[in-house]
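Here's the structure we're looking at; comments come further down.
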Amino acid sequence: MLRIVRTENGQVQFTLSGRIEEGEIQELEQLLALERSGQQLIFNLRDVTLVNQDAVKFLAECEAHGIKLNNCPLHIRTWIDKGKRRIK
């Protein structure tokens with residue numbers, strides 16, 4: 001289960017808590033599609049406890065498209081960085 005809290009103060013931040021798996025990725029994609037183009041988007045990942053391979057790929061793609069990943073847990077950052085090295 002994933003809890004998503006959206007806040008806006010010149011930029012849009014989504015604070016995520018819990019697990020990010022396939023169903024949650026689809027929900028996040030839908031939320032991102034509703035945001036204005038050119039707006040700074042941030043995922044605050046401090047309270048994310050579990051991700052699967054698809055979530056890591058999704059987060060890496062988000063980051064590549066300019067979405068900031070704030071408070072990214074070390075194990076998730078490591079998986080994202082490993083995935084980037086494989087793509088190069």
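By convention in this document, the chains of the structure tokens carry letters A, B, ... by their order, each chain's residues are numbered from 1, and ligands are numbered from 1 in the order they are shown.
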
Neighbour list for Gln40 (chain A) as a CSV table (one decimal) with C-alpha atoms, in the first residue's frame, cut-off 10 Å, only C-alpha atoms, skip fewer than 5 positions in-chain:
chain,number,residue,atom,x,y,z
A,8,GLU,CA,2.4,22.8,-3.7
A,10,GLY,CA,6.0,27.0,-6.1
A,11,GLN,CA,6.8,23.4,-6.9
A,12,VAL,CA,4.8,20.2,-6.5
A,13,GLN,CA,5.9,17.6,-4.0
A,35,GLU,CA,0.4,18.3,-13.6
A,66,GLY,CA,13.8,16.0,-14.3
A,67,ILE,CA,11.7,14.9,-11.3
A,68,LYS,CA,13.7,15.3,-8.2

Find the spatial neighbours of Leu74 (chain A), counting only C-alpha atoms, within a cut-off of 12 Å - ignore same-chain residues fewer than 2 positions away - and output them as an MDAnalysis selection string. chainID A and resid 45:46 48:50 69:72 76:81

Exercise: Asp54 (chain A) partners within 9 Å, only C-alpha atoms, chain neighbours under 2 positions left out, as a PyMOL selection string: chain A and resi 20-22+25+51-52+56-59

Please return, as number ranges by chain, all residues of region 3-63 of chain A that DSSP assigns to alpha helix (DSSP H) on the basis of the backbone. A: 22-33, 53-63

Residues from the last selection, N, CA and C atoms, saved as a compact mmCIF listing (two decimals), in the first residue's frame:
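Saved file selection-v2.txt follows:
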# COMPACT_ATOMS: atom_id res chain seq x y z
N GLU A 22 3.72 -2.39 -8.82
CA GLU A 22 3.13 -2.16 -10.14
C GLU A 22 1.87 -1.29 -10.10
N GLY A 23 0.93 -1.59 -9.26
CA GLY A 23 -0.32 -0.82 -9.21
C GLY A 23 -0.08 0.63 -8.80
N GLU A 24 0.85 0.84 -7.90
CA GLU A 24 1.16 2.19 -7.44
C GLU A 24 1.85 3.00 -8.53
N ILE A 25 2.65 2.34 -9.35
CA ILE A 25 3.31 3.03 -10.46
C ILE A 25 2.27 3.61 -11.40
N GLN A 26 1.25 2.84 -11.72
CA GLN A 26 0.19 3.33 -12.60
C GLN A 26 -0.52 4.53 -11.98
N GLU A 27 -0.75 4.49 -10.69
CA GLU A 27 -1.39 5.61 -10.01
C GLU A 27 -0.50 6.85 -10.05
N LEU A 28 0.79 6.68 -9.83
CA LEU A 28 1.71 7.81 -9.88
C LEU A 28 1.79 8.39 -11.29
N GLU A 29 1.79 7.54 -12.31
CA GLU A 29 1.81 8.01 -13.69
C GLU A 29 0.58 8.85 -13.99
N GLN A 30 -0.57 8.43 -13.50
CA GLN A 30 -1.80 9.19 -13.70
C GLN A 30 -1.74 10.54 -13.00
N LEU A 31 -1.20 10.57 -11.79
CA LEU A 31 -1.07 11.84 -11.07
C LEU A 31 -0.10 12.78 -11.78
N LEU A 32 1.01 12.25 -12.27
CA LEU A 32 1.98 13.08 -12.98
C LEU A 32 1.39 13.67 -14.26
N ALA A 33 0.54 12.90 -14.93
CA ALA A 33 -0.09 13.36 -16.17
C ALA A 33 -1.01 14.55 -15.94
N GLN A 53 11.44 -4.12 -8.76
CA GLN A 53 12.27 -3.77 -9.92
C GLN A 53 11.58 -2.74 -10.81
N ASP A 54 10.28 -2.89 -11.03
CA ASP A 54 9.55 -1.95 -11.87
C ASP A 54 9.53 -0.55 -11.25
N ALA A 55 9.43 -0.48 -9.94
CA ALA A 55 9.43 0.81 -9.25
C ALA A 55 10.79 1.49 -9.38
N VAL A 56 11.85 0.73 -9.26
CA VAL A 56 13.20 1.29 -9.42
C VAL A 56 13.36 1.86 -10.83
N LYS A 57 12.92 1.12 -11.83
CA LYS A 57 13.00 1.58 -13.22
C LYS A 57 12.16 2.85 -13.39
N PHE A 58 10.97 2.87 -12.84
CA PHE A 58 10.09 4.04 -12.91
C PHE A 58 10.75 5.26 -12.27
N LEU A 59 11.30 5.09 -11.08
CA LEU A 59 11.94 6.21 -10.39
C LEU A 59 13.15 6.73 -11.18
N ALA A 60 13.92 5.83 -11.77
CA ALA A 60 15.07 6.24 -12.59
C ALA A 60 14.60 7.04 -13.80
N GLU A 61 13.52 6.59 -14.43
CA GLU A 61 12.97 7.32 -15.58
C GLU A 61 12.44 8.69 -15.16
N CYS A 62 11.80 8.75 -14.01
CA CYS A 62 11.30 10.04 -13.50
C CYS A 62 12.46 11.00 -13.30
N GLU A 63 13.52 10.50 -12.67
CA GLU A 63 14.69 11.34 -12.42
C GLU A 63 15.31 11.81 -13.73

Measure the distance from CA of Asn44 (chain A) to CA of Thr15 (chain A) in Å and round it to one decimal.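 These two atoms are separated by 4.6 Å.
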
d(CA of Arg19 (chain A), CA of Ile42 (chain A)) in Å: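 Result for CA of Arg19 (chain A) versus CA of Ile42 (chain A): 17.4 Å, one decimal.
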
Considering only strand (DSSP E or B) as DSSP defines it on the backbone, what residues of chain A qualify? List them as a PyMOL selection string. chain A and resi 2-8+12-20+41-51+68-70

Can you measure CA of Ser17 (chain A) to CA of Leu41 (chain A) for me? One decimal in Å is fine. 16.8 Å
